[in-house]
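Below is query.csv, holding CSV, C-alpha atoms.
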chain,number,residue,atom,x,y,z
I,1,MET,CA,13.1,24.9,-17.9
I,2,THR,CA,16.3,23.2,-16.8
I,3,GLU,CA,19.7,24.8,-17.4
I,4,PRO,CA,21.0,23.3,-20.8
I,5,GLY,CA,24.5,22.4,-19.4
I,6,LYS,CA,23.0,20.8,-16.4
I,7,GLU,CA,20.5,18.8,-18.4
I,8,THR,CA,23.3,17.5,-20.7
I,9,LYS,CA,25.4,16.5,-17.7
I,10,GLN,CA,22.4,14.7,-16.1
I,11,THR,CA,21.7,12.8,-19.3
I,12,ALA,CA,25.4,11.8,-19.6
I,13,ASP,CA,25.5,10.7,-16.0
I,14,PHE,CA,22.3,8.6,-16.4
I,15,HIS,CA,23.7,6.9,-19.5
I,16,GLU,CA,27.0,6.2,-17.7
I,17,GLU,CA,25.5,4.9,-14.4
I,18,ALA,CA,22.1,3.5,-15.1
I,19,LEU,CA,22.1,2.1,-18.7
I,20,PRO,CA,24.8,-0.5,-18.0
I,21,HIS,CA,22.2,-2.2,-15.7
I,22,MET,CA,19.7,-2.7,-18.5
I,23,ASP,CA,20.5,-6.5,-18.9
I,24,ALA,CA,20.1,-7.0,-15.2
I,25,VAL,CA,16.9,-5.1,-15.0
I,26,PHE,CA,15.5,-7.0,-17.9
I,27,ARG,CA,16.3,-10.3,-16.3
I,28,PHE,CA,14.8,-9.2,-13.0
I,29,ALA,CA,11.6,-8.0,-14.8
I,30,LEU,CA,11.4,-11.3,-16.8
I,31,ARG,CA,11.7,-13.4,-13.6
I,32,LEU,CA,9.2,-11.2,-11.7
I,33,SER,CA,6.6,-11.1,-14.4
I,34,GLY,CA,7.2,-14.4,-16.3
I,35,SER,CA,6.3,-12.7,-19.5
I,36,ARG,CA,8.7,-11.2,-22.1
I,37,ASP,CA,6.1,-8.6,-23.2
I,38,GLN,CA,5.5,-7.5,-19.7
I,39,ALA,CA,9.2,-7.5,-18.9
I,40,GLU,CA,9.8,-5.2,-21.9
I,41,ASP,CA,7.1,-2.8,-20.6
I,42,LEU,CA,8.6,-2.9,-17.2
I,43,VAL,CA,12.1,-2.1,-18.4
I,44,GLN,CA,10.9,0.9,-20.4
I,45,GLU,CA,8.8,2.2,-17.5
I,46,THR,CA,11.7,1.6,-15.0
I,47,PHE,CA,14.2,3.6,-17.0
I,48,LEU,CA,11.8,6.3,-17.9
I,49,ARG,CA,10.9,6.8,-14.2
I,50,ALA,CA,14.5,6.6,-13.2
I,51,PHE,CA,15.4,9.2,-15.7
I,52,LYS,CA,12.7,11.5,-14.6
I,53,SER,CA,13.8,11.1,-10.9
I,54,TRP,CA,17.5,11.2,-11.6
I,55,GLU,CA,17.9,14.3,-9.5
I,56,ARG,CA,16.8,12.3,-6.5
I,57,TYR,CA,19.4,9.6,-7.1
I,58,ALA,CA,22.5,10.0,-4.9
I,59,PRO,CA,25.6,9.6,-7.0
I,60,GLY,CA,27.9,6.8,-5.9
I,61,THR,CA,25.1,4.8,-4.2
I,62,GLN,CA,23.9,1.5,-5.5
I,63,CYS,CA,22.3,2.4,-8.9
I,64,LYS,CA,21.4,-1.2,-9.7
I,65,SER,CA,19.4,-1.7,-6.5
I,66,TRP,CA,17.7,1.6,-7.0
I,67,LEU,CA,16.6,0.5,-10.5
I,68,PHE,CA,15.4,-2.9,-9.2
I,69,THR,CA,13.4,-1.1,-6.5
I,70,ILE,CA,11.7,1.0,-9.2
I,71,CYS,CA,11.1,-2.0,-11.4
I,72,ARG,CA,9.5,-4.0,-8.5
I,73,ASN,CA,7.3,-1.1,-7.5
I,74,VAL,CA,6.1,-0.7,-11.1
I,75,PHE,CA,5.5,-4.5,-11.3
I,76,LEU,CA,3.5,-4.6,-8.0
I,77,ARG,CA,1.3,-1.6,-9.1
I,78,GLN,CA,0.6,-3.2,-12.5
I,79,ARG,CA,-0.3,-6.5,-10.8
I,80,GLU,CA,-2.6,-4.8,-8.3
I,81,ARG,CA,-4.4,-3.1,-11.2
I,82,GLY,CA,-4.6,-6.3,-13.3
I,83,GLN,CA,-5.7,-8.8,-10.7
I,84,ARG,CA,-8.4,-9.1,-8.2
I,85,HIS,CA,-7.3,-9.6,-4.6
I,86,ASP,CA,-8.5,-13.2,-4.4
I,87,GLU,CA,-6.4,-14.1,-7.5
I,88,ILE,CA,-3.3,-12.5,-5.9
I,89,VAL,CA,-3.6,-14.6,-2.7
I,90,ALA,CA,-4.6,-17.8,-4.5
I,91,GLU,CA,-1.1,-19.2,-4.7
I,92,ASN,CA,-0.9,-22.9,-4.1
I,93,VAL,CA,2.3,-23.0,-2.1
I,94,ASP,CA,2.6,-24.0,1.5
I,95,ARG,CA,3.1,-20.7,3.3
I,96,SER,CA,3.0,-22.1,6.9
I,97,SER,CA,4.6,-19.7,9.3
I,98,GLY,CA,6.0,-22.3,11.6
I,99,PRO,CA,9.8,-22.6,12.0
I,100,LEU,CA,11.7,-24.3,9.2
I,101,GLU,CA,13.0,-27.7,10.0
I,102,THR,CA,16.8,-27.4,10.6
I,103,VAL,CA,17.6,-30.4,8.5
I,104,ASN,CA,16.2,-30.0,5.0
I,105,PRO,CA,13.8,-33.0,4.5
I,106,VAL,CA,14.3,-32.8,0.8
I,107,TRP,CA,18.0,-33.3,1.1
I,108,VAL,CA,17.5,-36.2,3.6
I,109,LYS,CA,15.7,-37.9,0.7
I,110,ALA,CA,18.1,-36.8,-2.0
I,111,VAL,CA,21.2,-37.7,-0.2
I,112,LYS,CA,20.4,-41.4,-0.1
I,113,ALA,CA,20.1,-41.7,-3.9
I,114,ASP,CA,22.4,-38.9,-5.2
I,115,PRO,CA,24.6,-37.2,-2.6
I,116,GLU,CA,26.4,-35.2,-5.2
I,117,GLY,CA,23.2,-33.7,-6.6
I,118,ASP,CA,23.9,-34.9,-10.2
I,119,PHE,CA,20.2,-35.0,-10.8
I,120,PHE,CA,20.3,-31.2,-11.0
I,121,ASP,CA,22.3,-31.5,-14.3
I,122,ALA,CA,19.4,-33.2,-16.0
I,123,ILE,CA,16.9,-30.4,-15.2
I,124,VAL,CA,16.8,-28.0,-18.1
I,125,ASP,CA,16.9,-24.3,-17.5
I,126,GLU,CA,13.4,-23.6,-18.6
I,127,VAL,CA,12.0,-25.9,-15.9
I,128,VAL,CA,14.1,-24.3,-13.2
I,129,LEU,CA,12.9,-20.8,-14.3
I,130,GLN,CA,9.3,-21.9,-14.5
I,131,HIS,CA,9.4,-23.1,-10.9
I,132,VAL,CA,11.1,-19.9,-9.8
I,133,GLN,CA,8.2,-18.1,-11.6
I,134,ASP,CA,5.6,-20.2,-9.7
I,135,LEU,CA,6.9,-19.1,-6.3
I,136,PRO,CA,4.7,-16.5,-4.4
I,137,GLU,CA,5.9,-13.0,-5.3
I,138,ASP,CA,7.6,-12.3,-1.9
I,139,TYR,CA,9.5,-15.6,-2.0
I,140,ARG,CA,10.3,-15.2,-5.7
I,141,THR,CA,11.7,-11.6,-5.2
I,142,ALA,CA,13.9,-12.7,-2.4
I,143,VAL,CA,15.3,-15.7,-4.3
I,144,ILE,CA,15.9,-13.7,-7.5
I,145,LEU,CA,17.6,-10.8,-5.7
I,146,SER,CA,19.8,-13.1,-3.6
I,147,ASP,CA,20.5,-16.2,-5.7
I,148,LEU,CA,20.3,-14.7,-9.2
I,149,GLU,CA,21.5,-11.2,-8.6
I,150,GLY,CA,23.8,-11.5,-5.6
I,151,PHE,CA,22.3,-8.8,-3.3
I,152,SER,CA,23.0,-9.0,0.4
I,153,TYR,CA,20.2,-9.5,3.0
I,154,GLN,CA,20.6,-5.8,4.0
I,155,GLU,CA,20.3,-4.6,0.4
I,156,ILE,CA,17.2,-6.8,-0.2
I,157,ALA,CA,15.7,-5.5,3.0
I,158,GLU,CA,16.1,-1.9,1.8
I,159,MET,CA,14.8,-2.6,-1.7
I,160,THR,CA,11.7,-4.5,-0.4
I,161,GLU,CA,11.2,-2.3,2.7
I,162,VAL,CA,11.0,-5.2,5.2
I,163,PRO,CA,13.3,-6.1,8.1
I,164,VAL,CA,16.4,-8.3,7.4
I,165,GLY,CA,14.7,-11.1,9.4
I,166,THR,CA,11.8,-11.1,7.0
I,167,VAL,CA,14.1,-11.2,4.0
I,168,LYS,CA,15.9,-14.3,5.5
I,169,SER,CA,12.6,-16.0,6.2
I,170,ARG,CA,11.3,-15.4,2.7
I,171,LEU,CA,14.5,-16.4,1.1
I,172,PHE,CA,15.0,-19.6,3.1
I,173,ARG,CA,11.3,-20.7,2.7
I,174,GLY,CA,11.4,-19.8,-1.0
I,175,ARG,CA,14.5,-21.9,-1.5
I,176,ARG,CA,12.9,-24.8,0.4
I,177,VAL,CA,9.8,-24.7,-1.8
I,178,LEU,CA,12.0,-24.6,-4.9
I,179,GLN,CA,14.2,-27.4,-3.8
I,180,GLY,CA,11.1,-29.5,-3.1
I,181,VAL,CA,9.5,-29.0,-6.4
I,182,LEU,CA,12.8,-29.6,-8.3
I,183,TYR,CA,13.4,-32.8,-6.4
I,184,ASP,CA,9.8,-34.0,-7.1
I,185,TYR,CA,10.3,-33.1,-10.8
I,186,ALA,CA,13.5,-35.0,-10.9
I,187,VAL,CA,11.9,-38.1,-9.3
I,188,SER,CA,8.9,-37.9,-11.7
I,189,MET,CA,11.3,-37.7,-14.7
I,190,GLY,CA,13.4,-40.6,-13.4
I,191,TYR,CA,16.5,-38.5,-12.9
I,192,ILE,CA,16.7,-39.6,-9.3
I,193,LYS,CA,15.1,-42.5,-7.4
I,194,GLY,CA,12.3,-41.4,-5.1
I,195,ALA,CA,12.2,-42.3,-1.4
I,196,SER,CA,9.6,-45.0,-2.0
I,197,GLU,CA,11.6,-46.6,-4.7
I,198,GLU,CA,14.6,-46.8,-2.4
I,199,ALA,CA,12.8,-48.9,0.2
G,1,MET,CA,36.7,-28.8,-2.1
G,2,SER,CA,39.1,-30.1,0.6
G,3,PHE,CA,41.2,-33.3,0.2
G,4,PHE,CA,39.0,-35.0,2.8
G,5,ASN,CA,35.9,-34.3,0.9
G,6,ARG,CA,37.4,-35.3,-2.4
G,7,LEU,CA,38.3,-38.6,-0.8
G,8,LYS,CA,34.8,-39.0,0.6
G,9,ARG,CA,33.4,-38.4,-2.9
G,10,LEU,CA,35.7,-41.1,-4.4
G,11,LEU,CA,34.7,-43.6,-1.7
G,12,GLY,CA,31.0,-42.8,-2.1
G,13,ASN,CA,28.4,-42.3,0.5
G,14,ALA,CA,27.0,-45.8,0.9
G,15,GLU,CA,25.6,-45.1,4.4
G,16,ALA,CA,24.3,-41.6,3.7
G,17,PRO,CA,24.0,-40.8,7.4
G,18,THR,CA,21.9,-37.8,8.5
G,19,PRO,CA,23.2,-35.1,10.8
G,20,HIS,CA,23.0,-35.8,14.5
G,21,SER,CA,19.5,-34.9,15.4
G,22,GLU,CA,20.2,-33.3,18.7
G,23,GLY,CA,23.2,-32.2,20.8
G,24,LYS,CA,26.7,-33.1,19.8
G,25,GLY,CA,27.5,-36.6,18.7
G,26,GLU,CA,29.8,-37.9,21.4
G,27,ASP,CA,32.0,-39.9,19.0
G,28,CYS,CA,31.9,-37.3,16.2
G,29,VAL,CA,35.1,-35.3,15.7
G,30,ALA,CA,33.2,-32.7,13.7
G,31,CYS,CA,30.8,-31.9,16.7
G,32,ARG,CA,33.5,-30.9,19.2
G,33,ASP,CA,33.1,-27.2,18.4
G,34,LEU,CA,29.9,-26.9,16.5
G,35,SER,CA,27.1,-29.5,16.6
G,36,CYS,CA,25.5,-30.9,13.4
G,37,MET,CA,22.3,-29.0,14.2
G,38,GLU,CA,24.2,-25.7,14.8
G,39,ALA,CA,26.0,-26.2,11.5
G,40,MET,CA,22.8,-27.1,9.6
G,41,ALA,CA,21.0,-24.1,11.1
G,42,LYS,CA,23.7,-21.9,9.6
G,43,VAL,CA,24.1,-23.5,6.2
G,44,GLN,CA,22.2,-20.8,4.4
G,45,GLU,CA,24.0,-17.8,6.0
G,46,TYR,CA,27.3,-19.7,5.5
G,47,LEU,CA,26.8,-20.0,1.7
G,48,ASP,CA,25.4,-16.5,1.5
G,49,GLY,CA,28.5,-15.1,3.3
G,50,GLU,CA,26.2,-13.6,6.0
G,51,LEU,CA,27.1,-15.5,9.1
G,52,ASP,CA,26.3,-13.9,12.4
G,53,GLY,CA,27.4,-15.1,15.8
G,54,VAL,CA,29.7,-17.9,14.5
G,55,SER,CA,32.8,-17.6,12.3
G,56,HIS,CA,33.1,-18.8,8.7
G,57,GLY,CA,36.0,-21.0,9.8
G,58,GLU,CA,34.0,-22.8,12.4
G,59,VAL,CA,31.2,-23.7,10.1
G,60,ALA,CA,33.6,-24.5,7.2
G,61,HIS,CA,35.6,-26.8,9.6
G,62,HIS,CA,32.4,-28.7,10.5
G,63,PHE,CA,31.4,-29.3,6.9
G,64,ASP,CA,34.9,-30.3,6.0
G,65,VAL,CA,35.1,-33.0,8.6
G,66,CYS,CA,31.5,-34.1,9.1
G,67,GLN,CA,30.4,-36.9,6.8
G,68,ARG,CA,26.8,-36.5,7.9
G,69,CYS,CA,26.5,-32.8,7.1
G,70,TYR,CA,28.8,-32.5,4.1
G,71,PRO,CA,26.3,-34.0,1.6
G,72,HIS,CA,23.7,-31.5,2.7
G,73,LEU,CA,26.1,-28.6,2.0
G,74,ARG,CA,26.9,-30.1,-1.3
G,75,LEU,CA,23.3,-30.3,-2.3
G,76,GLU,CA,22.7,-26.7,-1.3
G,77,GLU,CA,25.7,-25.7,-3.5
G,78,ARG,CA,24.4,-27.7,-6.4
G,79,PHE,CA,21.0,-26.1,-6.1
G,80,ARG,CA,22.5,-22.6,-6.3
G,81,GLU,CA,24.7,-23.6,-9.2
G,82,VAL,CA,21.6,-24.7,-11.2
G,83,LEU,CA,19.8,-21.4,-10.4
G,84,HIS,CA,22.8,-19.5,-11.7
G,85,ARG,CA,23.1,-21.7,-14.8
G,86,SER,CA,19.4,-21.2,-15.6
G,87,GLN,CA,19.7,-17.6,-16.5
G,88,ALA,CA,23.3,-17.5,-17.8
G,89,GLY,CA,23.7,-15.4,-20.9
G,90,GLU,CA,20.2,-13.9,-20.8
G,91,SER,CA,20.3,-10.3,-21.8
G,92,CYS,CA,18.1,-7.4,-22.8
G,93,PRO,CA,17.1,-7.5,-26.5
G,94,GLU,CA,18.8,-4.9,-28.7
G,95,ALA,CA,15.5,-3.6,-30.0
G,96,LEU,CA,14.4,-2.9,-26.4
G,97,LYS,CA,17.6,-1.1,-25.6
G,98,GLU,CA,17.1,1.1,-28.6
G,99,GLN,CA,13.5,1.7,-27.6
G,100,VAL,CA,14.6,2.8,-24.1
G,101,LEU,CA,17.2,5.2,-25.7
G,102,ARG,CA,14.4,6.7,-27.9
G,103,LEU,CA,12.2,7.2,-24.9
G,104,LEU,CA,15.0,8.9,-22.9
G,105,ALA,CA,15.8,11.1,-25.8
G,106,ALA,CA,12.2,12.1,-26.2
G,107,GLU,CA,12.0,12.9,-22.4
G,108,ALA,CA,15.2,14.9,-22.5
G,109,GLY,CA,13.8,16.8,-25.5
G,110,LYS,CA,10.6,17.7,-23.6
G,111,ARG,CA,12.7,19.2,-20.8
G,112,GLY,CA,15.0,21.0,-23.2

Translate this structure into structure tokens?
Amino acid sequence: MTEPGKETKQTADFHEEALPHMDAVFRFALRLSGSRDQAEDLVQETFLRAFKSWERYAPGTQCKSWLFTICRNVFLRQRERGQRHDEIVAENVDRSSGPLETVNPVWVKAVKADPEGDFFDAIVDEVVLQHVQDLPEDYRTAVILSDLEGFSYQEIAEMTEVPVGTVKSRLFRGRRVLQGVLYDYAVSMGYIKGASEEA
Amino acid sequence: MSFFNRLKRLLGNAEAPTPHSEGKGEDCVACRDLSCMEAMAKVQEYLDGELDGVSHGEVAHHFDVCQRCYPHLRLEERFREVLHRSQAGESCPEALKEQVLRLLAAEAGKRG
């Protein structure tokens, strides 16, 4: 049995350091899973596991990134249990491993019709988030952690246990995929003239 | 946004030139220190605040004065703005917060 005073202190510390991140963990879980029900399960499981492991948390370190790491690990384990391998890899996104073109071909098209990117204003949030959700998990995680939550390359590398170079590759490729589908969506909705209409 | 870029915005981008595809454009004032390709290769790290091997000022200067590259930077910025906007205000439901607190209290009770 844990010493009563120590237990109270641990609970108080957890409430003070971990619970303020519940909104951020919920958003992360929602973006990872794409389902409110699953996100709610992930949040509960994340905080319960974190509370049970609180003795292993080093005070003063990045509590938010520690919670995100737990949340992602829980999500990946749940996904492995819930899907067959062939379903996991059947993601219809170009994942070619060649070098990215230095000049973004999407922007080359967009800059002719709308150099200020005003077409972005017409795209509703739900559409943006749906396309984030459609990214492969490794790209999606990098984009969420960097662009939505503001973590550094090094922090993302530690959270996802890959080298910084891999984080950059996933992040840059994920952004390119997302930019391409948002541009195509804007063209299909008439928010911006497509390259063929320009000619 | 710099005065120069505000002016460019007002004047429009009728030509919509693309960045110099290789080397440094001989007649391009922006390319004297950093070529268009070097600037474009660094645009992600520049906006992420994670530049390595080149200073923030050098890249900023290129985008400030290069009419070819600036629209590409602007589109990258707009893309990030729309991502941020898409999840603004989204927070954890109160009922879920209360459920988490109940779970933690039950766990603490088991230990006690």

Using only C-alpha atoms, what table do you get, as a tab-separated table, when you list each residue of chain G with an atom no more than 7 Å from chain I, its nearest pair of atoms, and their distance in Å rounded to one decimal, rows by chain then rising number?
residue	atom	partner	partner_atom	distance
G:Ala16	CA	I:Lys112	CA	5.4
G:Thr18	CA	I:Val108	CA	6.8
G:Met37	CA	I:Thr102	CA	6.8
G:Met40	CA	I:Thr102	CA	6.1
G:Ala41	CA	I:Thr102	CA	5.4
G:Pro71	CA	I:Pro115	CA	5.5
G:His72	CA	I:Trp107	CA	6.2
G:Arg74	CA	I:Glu116	CA	6.4
G:Leu75	CA	I:Gly117	CA	5.5
G:Arg78	CA	I:Gly117	CA	6.1
G:Arg80	CA	I:Asp147	CA	6.7
G:Val82	CA	I:Phe120	CA	6.6
G:Leu83	CA	I:Leu148	CA	6.8
G:His84	CA	I:Leu148	CA	6.0
G:Ser86	CA	I:Asp125	CA	4.4
G:Glu90	CA	I:Arg27	CA	7.0
G:Ser91	CA	I:Asp23	CA	4.8
G:Cys92	CA	I:Asp23	CA	4.7
G:Leu96	CA	I:Glu40	CA	6.8
G:Val100	CA	I:Gln44	CA	5.6
G:Leu104	CA	I:Leu48	CA	6.5
G:Arg111	CA	I:Met1	CA	6.4
G:Gly112	CA	I:Met1	CA	6.8

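For the atom pair formed by atom CA of G:Val43 and atom CA of G:Leu73, the distance is 6.9 Å, given to one decimal.
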
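Between atom CA of G:Glu50 and atom CA of I:Arg176 lies a distance of 18.3 Å.
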
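For the pair atom CA of I:Glu155 and atom CA of I:Val167, the interatomic distance is 9.7 Å.
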